[in-house]
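Dumped upload_26.txt below, it's compact mmCIF, C-alpha atoms and all ligand atoms:
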# COMPACT_ATOMS: atom_id res chain seq x y z
CA MET H 265 0.00 0.00 0.00
CA CYS H 266 3.09 2.20 -0.14
CA CYS H 267 5.58 1.83 -3.00
CA GLY H 268 4.58 -1.56 -4.39
CA ALA H 269 7.10 -3.56 -2.37
CA ALA H 270 5.89 -6.45 -0.22
CA PRO H 271 4.29 -5.29 3.01
CA ASP H 272 6.21 -6.11 6.14
CA VAL H 273 5.12 -3.65 8.81
CA GLY H 274 1.32 -3.82 8.59
CA ALA H 275 0.46 -2.37 5.18
CA LEU H 276 3.94 -0.89 4.65
CA CYS H 277 7.20 -2.34 3.41
CA ARG H 278 10.12 -1.93 5.80
CA PRO H 279 11.86 1.03 4.03
CA CYS H 280 8.59 2.99 3.78
CA ALA H 281 7.79 2.22 7.43
CA ARG H 282 11.20 3.64 8.39
CA GLU H 283 10.46 6.79 6.43
CA VAL H 284 7.31 7.43 8.46
CA ALA H 285 8.58 6.13 11.81
CA PRO H 286 6.16 7.20 14.57
CA CYS H 287 7.15 10.30 16.54
CA ASP H 288 7.75 10.07 20.30
CA GLY H 289 4.64 9.29 22.31
CA LEU H 290 2.50 8.25 19.36
CA ILE H 291 0.66 4.93 19.70
CA PRO H 292 -1.53 3.13 17.11
CA ASP H 293 -4.70 4.12 18.99
CA HIS H 294 -3.92 7.78 18.32
CA LEU H 295 -4.74 7.42 14.63
CA ARG H 296 -8.08 6.45 13.17
CA SER H 297 -10.49 6.97 10.32
CA PRO H 298 -14.21 6.37 10.82
CA LEU H 299 -14.81 5.73 7.11
CA ASP H 300 -15.98 2.25 6.18
CA ALA H 301 -13.33 0.52 4.08
CA THR H 302 -15.82 -0.24 1.29
CA ASN H 303 -16.08 3.51 0.66
CA ALA H 304 -12.33 4.10 0.49
CA GLN H 305 -11.08 6.27 -2.36
CA ALA H 306 -7.50 6.06 -1.09
CA TRP H 307 -5.58 5.15 2.01
CA VAL H 308 -3.17 6.89 4.29
CA VAL H 309 -0.92 4.56 6.24
CA ASP H 310 0.68 5.43 9.55
CA GLY H 311 4.13 4.44 10.77
CA PHE H 312 2.70 1.43 12.58
CA GLY H 313 1.43 0.10 9.25
CA GLY H 314 -2.19 0.86 10.08
CA ALA H 315 -4.16 1.86 6.97
CA HIS H 316 -6.86 4.53 7.19
CA ALA H 317 -9.54 4.78 4.53
CA ILE H 318 -10.39 8.19 3.12
CA ALA H 319 -13.16 9.46 0.86
CA ALA H 320 -12.59 11.84 -2.07
CA LYS H 321 -12.25 14.68 0.45
CA ALA H 322 -10.79 14.20 3.89
CA VAL H 323 -9.75 16.53 6.68
CA ILE H 324 -6.87 15.31 8.83
CA GLY H 325 -6.57 16.72 12.32
CA ARG H 326 -6.85 16.33 16.05
CA ASN H 327 -10.59 17.08 15.92
CA GLN H 328 -12.53 13.96 16.98
CA GLY H 329 -15.04 14.59 14.19
CA GLY H 330 -12.39 14.64 11.45
CA ASP H 331 -12.01 12.16 8.62
CA VAL H 332 -8.57 11.06 9.78
CA VAL H 333 -8.16 11.70 13.49
CA VAL H 334 -4.56 12.08 14.67
CA LEU H 335 -4.24 12.62 18.40
CA ALA H 336 -0.86 14.31 18.67
CA SER H 337 -0.08 17.70 20.19
CA SER H 338 1.84 18.82 17.09
CA VAL H 339 -1.28 18.30 14.97
CA SER H 340 -3.83 21.12 14.73
CA ARG H 341 -7.54 20.48 15.20
CA GLU H 342 -8.12 20.87 11.46
CA HIS H 343 -4.67 20.45 10.01
CA ALA H 344 -4.80 19.52 6.34
CA GLU H 345 -7.29 18.59 3.68
CA LEU H 346 -6.84 15.88 1.08
CA ARG H 347 -8.98 16.10 -2.00
CA ARG H 348 -9.25 14.11 -5.17
CA GLY H 349 -9.70 16.24 -8.28
CA GLU H 350 -9.77 15.55 -11.99
CA THR H 351 -6.00 15.38 -12.20
CA GLY H 352 -5.31 13.51 -9.01
CA TRP H 353 -4.96 14.09 -5.30
CA THR H 354 -4.02 17.39 -3.73
CA VAL H 355 -3.33 18.46 -0.17
CA ARG H 356 -3.93 21.86 1.39
CA ASP H 357 -2.71 23.02 4.77
CA LEU H 358 -5.62 24.49 6.75
CA GLY H 359 -3.54 27.09 8.57
CA SER H 360 -1.98 24.58 10.93
CA ARG H 361 0.51 25.62 13.58
CA ASN H 362 3.28 23.20 12.55
CA GLY H 363 2.69 22.90 8.84
CA THR H 364 2.08 20.15 6.33
CA PHE H 365 4.95 18.67 4.32
CA VAL H 366 4.87 16.63 1.12
CA ASP H 367 8.00 14.55 0.58
CA GLY H 368 9.89 16.97 2.82
CA ALA H 369 8.71 20.22 1.19
CA ARG H 370 6.41 22.55 3.12
CA CYS H 371 3.03 22.73 1.51
CA GLN H 372 2.05 26.22 0.29
CA GLY H 373 -1.53 26.51 -0.92
CA ARG H 374 -2.96 23.48 -2.66
CA THR H 375 -0.19 21.04 -3.54
CA ALA H 376 -0.48 18.18 -6.01
CA LEU H 377 0.47 14.78 -4.63
CA PRO H 378 2.51 12.23 -6.52
CA GLY H 379 1.11 8.67 -6.67
CA ARG H 380 3.01 7.79 -3.56
CA ALA H 381 3.74 10.59 -1.12
CA VAL H 382 5.03 10.98 2.40
CA LEU H 383 2.81 13.47 4.20
CA LYS H 384 4.00 15.06 7.39
CA ILE H 385 1.23 16.50 9.51
CA GLY H 386 2.98 18.28 12.38
CA ASP H 387 5.33 15.60 13.71
CA VAL H 388 3.28 12.71 12.37
CA ALA H 389 4.33 11.16 9.06
CA LEU H 390 1.98 9.14 6.87
CA VAL H 391 2.36 7.38 3.54
CA MET H 392 -0.37 8.02 1.03
CA ASN H 393 -0.86 5.98 -2.09
CA GLY H 394 -3.62 7.56 -4.12
CA ARG H 395 -3.21 5.23 -7.08
CA GLY H 396 -3.38 1.94 -5.30
CA THR H 397 -6.27 -0.42 -4.88
CA VAL H 398 -6.05 -3.06 -2.24
CA LYS H 399 -6.29 -6.65 -3.36
CA ASP H 400 -5.74 -9.68 -1.28
CA TRP H 401 -6.00 -13.34 -2.03
CA VAL H 402 -4.44 -16.65 -1.21
CA SER H 403 -3.26 -19.03 -3.93
CA GLY H 404 -6.12 -20.99 -5.50
CA GLU H 405 -8.64 -18.35 -4.55
CA PRO H 406 -10.22 -16.39 -7.43
CA ARG H 407 -8.60 -12.98 -7.67
CA HIS H 408 -11.13 -10.35 -6.89
CA LEU H 409 -11.02 -6.75 -5.90
CA HIS H 410 -11.14 -6.47 -2.18
CA ILE H 411 -11.46 -3.03 -0.75
CA GLY H 412 -10.59 -3.91 2.77
CA ASN H 413 -8.33 -3.04 5.58
CA HIS H 414 -6.28 -5.65 7.30
CA GLY H 415 -4.21 -3.04 9.05
CA GLY H 416 -5.30 -3.34 12.62
CA MET H 417 -4.33 -3.07 16.19
CA SER H 418 -3.48 -6.68 16.90
CA GLU H 419 -0.33 -8.52 15.89
CA ASP H 420 -2.38 -11.10 13.97
CA GLU H 421 -4.18 -8.54 11.87
CA MET H 422 -0.88 -6.90 10.97
CA ASN H 423 0.41 -10.18 9.58
CA ILE H 424 -2.24 -10.58 6.91
CA PRO H 425 -0.51 -9.66 3.62
CA LEU H 426 -1.82 -6.91 1.43
CA VAL H 427 -1.01 -6.49 -2.24
CA VAL H 428 -1.36 -3.21 -4.07
CA ALA H 429 -2.19 -3.22 -7.75
CA LYS H 430 -2.00 -0.18 -10.00
CA ILE H 431 -5.35 0.85 -11.42
ZN ZN H 501 7.03 0.75 0.45
Translate the structure of the given file into structure tokens.
Ligand SMILES: [Zn+2]
Amino acid sequence: MCCGAAPDVGALCRPCAREVAPCDGLIPDHLRSPLDATNAQAWVVDGFGGAHAIAAKAVIGRNQGGDVVVLASSVSREHAELRRGETGWTVRDLGSRNGTFVDGARCQGRTALPGRAVLKIGDVALVMNGRGTVKDWVSGEPRHLHIGNHGGMSEDEMNIPLVVAKI
């Protein structure tokens, strides 16, 4: 769900997981998305490998009513907005205190996202793959599109492999 390499840390491969290593004090419970996985337009994946479904427009922030809730003091209540347009995904900082970064560059105005991007929201880094669709299957099983999220909080859930196919 990151760069196309085999997932190793939840939904992330090991190098991508290193790139978005959780900041001090962050625990998996501090990140969540209330969106049902069947309605996912894209996914943002945290440094624990937990995948969070987003719709075509999603506000990330500390606000409990947000689309991706990130409970970290460096994150503003309404921090950044992801939106899917005709030409792809963009991100816009919503006047946050600590800024939004795309692949290391501070986001000014609405910024186009590459297919795979590292978003930094305050001190919290996330991988977003806006071009991936999640598929999972075991050998012998018919290959079908499965919009689902095996990223989870338990060790067992994290071990279920995910495969990303370009669409
Ligand atoms: Zn990767």
Expected answer as a PyMOL selection string: residues within 7 Å of ligand ZN 501 (chain H), only C-alpha atoms and all ligand atoms: chain H and resi 266-269+276-280
For range 348-362 of chain H, please output as a VMD selection string all residues within 6 Å (counting all atoms listed in the file; exclusion window: fewer than 2 positions along the same chain). chain H and resid 320 340 343 to 346 364 373 to 377 386
For Val382 in chain H, list every protein, DNA or RNA residue within 9 Å, evaluated using only C-alpha atoms, and leave out those in the same chain fewer than 5 positions away; present the list as a ChimeraX atom specification. /H:280,283-284,365-368,389-393
Which value, in Å to one decimal, gives the distance between CA of Ala319 in chain H and CA of Val333 in chain H?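 One can read the CA of Ala319 in chain H to CA of Val333 in chain H distance as 13.8 Å.
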For CA of Gly379 in chain H and CA of Gly394 in chain H, the interatomic separation in Å (one decimal): 5.5 Å
note - CA of Ser337 in chain H and CA of Gly314 in chain H are separated by 19.8 Å
